[in-house]
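Enquirer: Contents of protein22.pdb (PDB, C-alpha atoms, pLDDT in the B column) are below:
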ATOM      1  CA  MET V1419     -23.305  13.187   2.767  1.00 56.00           C
ATOM      2  CA  GLY V1420     -22.800  15.412  -0.246  1.00 71.00           C
ATOM      3  CA  THR V1421     -20.542  18.426  -0.196  1.00 87.00           C
ATOM      4  CA  VAL V1422     -19.855  20.189   3.114  1.00 90.00           C
ATOM      5  CA  GLU V1423     -18.530  23.736   3.264  1.00 93.00           C
ATOM      6  CA  HIS V1424     -17.745  25.954   6.241  1.00 95.00           C
ATOM      7  CA  VAL V1425     -18.742  29.616   6.507  1.00 95.00           C
ATOM      8  CA  THR V1426     -19.120  32.205   9.247  1.00 95.00           C
ATOM      9  CA  LEU V1427     -22.741  33.237   9.864  1.00 94.00           C
ATOM     10  CA  VAL V1428     -24.826  34.701  12.663  1.00 94.00           C
ATOM     11  CA  CYS V1429     -26.593  31.789  14.342  1.00 93.00           C
ATOM     12  CA  THR V1430     -30.339  32.067  14.967  1.00 90.00           C
ATOM     13  CA  GLY V1431     -29.955  29.765  17.975  1.00 90.00           C
ATOM     14  CA  CYS V1432     -27.109  31.316  19.973  1.00 91.00           C
ATOM     15  CA  GLY V1433     -27.117  34.759  18.324  1.00 91.00           C
ATOM     16  CA  GLN V1434     -23.337  34.702  17.843  1.00 92.00           C
ATOM     17  CA  GLU V1435     -21.280  34.972  14.684  1.00 95.00           C
ATOM     18  CA  THR V1436     -19.937  31.431  14.451  1.00 94.00           C
ATOM     19  CA  ARG V1437     -18.697  28.865  11.998  1.00 96.00           C
ATOM     20  CA  HIS V1438     -21.476  26.907  10.274  1.00 96.00           C
ATOM     21  CA  GLU V1439     -21.422  23.746   8.207  1.00 95.00           C
ATOM     22  CA  LEU V1440     -23.404  23.943   4.983  1.00 95.00           C
ATOM     23  CA  ALA V1441     -24.355  20.562   3.509  1.00 94.00           C
ATOM     24  CA  TYR V1442     -25.157  20.433  -0.190  1.00 94.00           C
ATOM     25  CA  ALA V1443     -26.743  17.663  -2.220  1.00 92.00           C
ATOM     26  CA  GLY V1444     -25.645  18.348  -5.754  1.00 88.00           C
ATOM     27  CA  ARG V1445     -26.073  22.080  -6.204  1.00 89.00           C
ATOM     28  CA  LEU V1446     -28.755  22.518  -3.516  1.00 93.00           C
ATOM     29  CA  LEU V1447     -28.252  23.685   0.060  1.00 94.00           C
ATOM     30  CA  VAL V1448     -29.961  21.114   2.294  1.00 94.00           C
ATOM     31  CA  LEU V1449     -28.697  21.636   5.845  1.00 93.00           C
ATOM     32  CA  THR V1450     -27.076  24.458   7.825  1.00 94.00           C
ATOM     33  CA  THR V1451     -25.599  23.614  11.243  1.00 95.00           C
ATOM     34  CA  CYS V1452     -23.968  25.894  13.819  1.00 95.00           C
ATOM     35  CA  THR V1453     -20.741  24.320  15.065  1.00 94.00           C
ATOM     36  CA  ARG V1454     -21.015  26.169  18.383  1.00 93.00           C
ATOM     37  CA  CYS V1455     -24.532  25.355  19.615  1.00 94.00           C
ATOM     38  CA  GLY V1456     -25.579  22.649  17.146  1.00 92.00           C
ATOM     39  CA  ASN V1457     -28.653  24.554  15.952  1.00 93.00           C
ATOM     40  CA  SER V1458     -29.561  23.292  12.492  1.00 92.00           C
ATOM     41  CA  ILE V1459     -31.916  24.341   9.738  1.00 91.00           C
ATOM     42  CA  GLU V1460     -33.089  21.623   7.354  1.00 92.00           C
ATOM     43  CA  ARG V1461     -34.772  22.334   4.040  1.00 90.00           C
ATOM     44  CA  ASP V1462     -37.173  20.088   2.138  1.00 91.00           C
ATOM     45  CA  VAL V1463     -35.626  20.185  -1.347  1.00 93.00           C
ATOM     46  CA  ARG V1464     -36.821  16.800  -2.614  1.00 93.00           C
ATOM     47  CA  ALA V1465     -38.622  18.051  -5.734  1.00 93.00           C
ATOM     48  CA  ARG V1466     -35.801  20.399  -6.703  1.00 95.00           C
ATOM     49  CA  TYR V1467     -33.215  17.703  -5.916  1.00 95.00           C
ATOM     50  CA  LEU V1468     -34.873  15.201  -8.254  1.00 94.00           C
ATOM     51  CA  ALA V1469     -34.911  17.792 -11.064  1.00 95.00           C
ATOM     52  CA  ASP V1470     -31.259  18.673 -10.340  1.00 94.00           C
ATOM     53  CA  LEU V1471     -30.262  14.999 -10.231  1.00 94.00           C
ATOM     54  CA  ARG V1472     -32.041  14.343 -13.519  1.00 95.00           C
ATOM     55  CA  GLN V1473     -30.152  17.230 -15.153  1.00 95.00           C
ATOM     56  CA  ARG V1474     -26.818  16.050 -13.721  1.00 93.00           C
ATOM     57  CA  MET V1475     -27.411  12.514 -15.008  1.00 93.00           C
ATOM     58  CA  VAL V1476     -28.387  13.704 -18.484  1.00 96.00           C
ATOM     59  CA  SER V1477     -25.339  15.969 -18.731  1.00 96.00           C
ATOM     60  CA  LYS V1478     -22.848  13.444 -17.271  1.00 94.00           C
ATOM     61  CA  PRO V1479     -21.888  11.717 -20.553  1.00 95.00           C
ATOM     62  CA  GLY V1480     -21.085  15.087 -22.146  1.00 97.00           C
ATOM     63  CA  ARG V1481     -19.047  16.198 -19.150  1.00 95.00           C
ATOM     64  CA  MET V1482     -17.105  12.922 -19.180  1.00 95.00           C
ATOM     65  CA  LEU V1483     -16.436  13.264 -22.912  1.00 96.00           C
ATOM     66  CA  ARG V1484     -15.128  16.825 -22.407  1.00 97.00           C
ATOM     67  CA  ARG V1485     -12.802  15.633 -19.630  1.00 95.00           C
ATOM     68  CA  PHE V1486     -11.585  12.796 -21.832  1.00 96.00           C
ATOM     69  CA  ARG V1487     -10.888  15.139 -24.746  1.00 97.00           C
ATOM     70  CA  ARG V1488      -8.992  17.629 -22.555  1.00 97.00           C
ATOM     71  CA  HIS V1489      -6.917  15.116 -20.565  1.00 96.00           C
ATOM     72  CA  PRO V1490      -7.288  11.575 -21.951  1.00 95.00           C
ATOM     73  CA  LEU V1491      -4.557   9.984 -19.849  1.00 96.00           C
ATOM     74  CA  ALA V1492      -5.619  11.596 -16.567  1.00 94.00           C
ATOM     75  CA  PHE V1493      -9.263  10.749 -17.280  1.00 94.00           C
ATOM     76  CA  THR V1494      -8.671   7.069 -18.015  1.00 93.00           C
ATOM     77  CA  SER V1495      -6.302   6.628 -15.091  1.00 94.00           C
ATOM     78  CA  SER V1496      -8.799   8.213 -12.674  1.00 92.00           C
ATOM     79  CA  LEU V1497     -11.756   6.003 -13.674  1.00 91.00           C
ATOM     80  CA  PRO V1498     -10.781   2.966 -11.543  1.00 91.00           C
ATOM     81  CA  ARG V1499     -10.721   5.208  -8.442  1.00 89.00           C
ATOM     82  CA  THR V1500     -13.698   7.477  -9.121  1.00 88.00           C
ATOM     83  CA  ALA V1501     -16.260   5.177 -10.768  1.00 89.00           C
ATOM     84  CA  PRO V1502     -16.826   2.824  -7.789  1.00 91.00           C
ATOM     85  CA  ALA V1503     -17.309   5.767  -5.421  1.00 90.00           C
ATOM     86  CA  LYS V1504     -20.094   7.454  -7.429  1.00 90.00           C
ATOM     87  CA  PRO V1505     -22.963   5.140  -6.364  1.00 92.00           C
ATOM     88  CA  LEU V1506     -21.986   5.575  -2.707  1.00 92.00           C
ATOM     89  CA  GLU V1507     -21.887   9.367  -3.114  1.00 91.00           C
ATOM     90  CA  LEU V1508     -25.341   9.295  -4.704  1.00 92.00           C
ATOM     91  CA  ILE V1509     -26.765   7.168  -1.888  1.00 94.00           C
ATOM     92  CA  ALA V1510     -25.316   9.573   0.686  1.00 92.00           C
ATOM     93  CA  GLU V1511     -26.880  12.543  -1.145  1.00 92.00           C
ATOM     94  CA  VAL V1512     -30.304  10.893  -1.304  1.00 93.00           C
ATOM     95  CA  ARG V1513     -30.157  10.009   2.401  1.00 93.00           C
ATOM     96  CA  LEU V1514     -29.217  13.591   3.276  1.00 92.00           C
ATOM     97  CA  VAL V1515     -32.094  15.044   1.241  1.00 93.00           C
ATOM     98  CA  TRP V1516     -34.732  12.667   2.611  1.00 93.00           C
ATOM     99  CA  ARG V1517     -33.492  12.936   6.216  1.00 91.00           C
ATOM    100  CA  ALA V1518     -33.509  16.741   6.035  1.00 91.00           C
ATOM    101  CA  ALA V1519     -37.007  16.701   4.532  1.00 90.00           C
ATOM    102  CA  ALA V1520     -38.286  14.488   7.356  1.00 89.00           C
ATOM    103  CA  ASP V1521     -36.638  16.715   9.978  1.00 86.00           C
ATOM    104  CA  ALA V1522     -38.090  19.843   8.335  1.00 83.00           C
ATOM    105  CA  ARG V1523     -41.592  18.303   8.357  1.00 81.00           C
ATOM    106  CA  ARG V1524     -41.243  17.395  12.046  1.00 79.00           C
ATOM    107  CA  ALA V1525     -40.101  20.944  12.862  1.00 75.00           C
ATOM    108  CA  ASP V1526     -43.093  22.403  10.944  1.00 71.00           C
ATOM    109  CA  ARG V1527     -45.518  20.226  12.927  1.00 73.00           C
ATOM    110  CA  ARG V1528     -44.085  21.425  16.248  1.00 69.00           C
ATOM    111  CA  GLU V1529     -44.587  25.086  15.348  1.00 64.00           C
TER
END
Translate this file's structure into structure tokens.

Expert:
Amino acid sequence: MGTVEHVTLVCTGCGQETRHELAYAGRLLVLTTCTRCGNSIERDVRARYLADLRQRMVSKPGRMLRRFRRHPLAFTSSLPRTAPAKPLELIAEVRLVWRAAADARRADRRE
């Protein structure tokens, strides 16, 4: 699903200060959900996500090289665990972004 963080915000649905889940795809906030009433706000970030993803992919080799130079043993020993998970993480991010965009479009049509 991307990265999920928890924060306390005032909910627009129930009007209470409650814990919210913030779902990020890369560095972009995609979905905010109130854990009390379930009210959610989806954002259509497809264009920005593609630009962010492109930048992350271009910079990945350099980031990997820096990690290797700083901690060569830890880097090489972590590759068998982390490399297979990356495609699944990317698929989950893309699904989150496109699902949120579709939900945001549906919400705009209802208003």

Enquirer: Using all atoms listed in the file for the distances, tell me which of V:Glu1511, V:Ser1495, V:Asn1457, V:Glu1439 is nearest to His1424 (chain V).

Expert: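 Of all the options, V:Glu1439 lies closest to His1424 (chain V).
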
Enquirer: Just say which residues the PyMOL selection byres ((chain V and resi 1518) around 9) picks in this file, as a PyMOL selection string.

Expert: chain V and resi 1448-1449+1459-1463+1513-1517+1519-1523

Enquirer: Here is a test: counting all atoms listed in the file, which residue of V:Leu1471, V:Ile1509, V:Leu1427, V:Leu1483 is nearest to Leu1446 (chain V)?

Expert: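 Of V:Leu1471, V:Ile1509, V:Leu1427, V:Leu1483, the one nearest Leu1446 (chain V), counting all atoms listed in the file, is V:Leu1471.
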
Enquirer: Can you work out which one of V:Ala1525, V:Ala1469, V:Ala1510, V:Met1482 has the shortest atom-to-atom distance to Arg1445 (chain V), counting all atoms listed in the file?

Expert: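 Among the listed residues, V:Ala1469 lies closest to Arg1445 (chain V).
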
Enquirer: Kindly give the distance, in Å, that separates CA of Arg1474 (chain V) and CA of Pro1490 (chain V), rounded to a single decimal.

Expert: 21.7 Å

Enquirer: Go ahead and compute the interatomic distance for CA of His1438 (chain V) and CA of Lys1504 (chain V), in Å to one decimal.

Expert: 26.3 Å
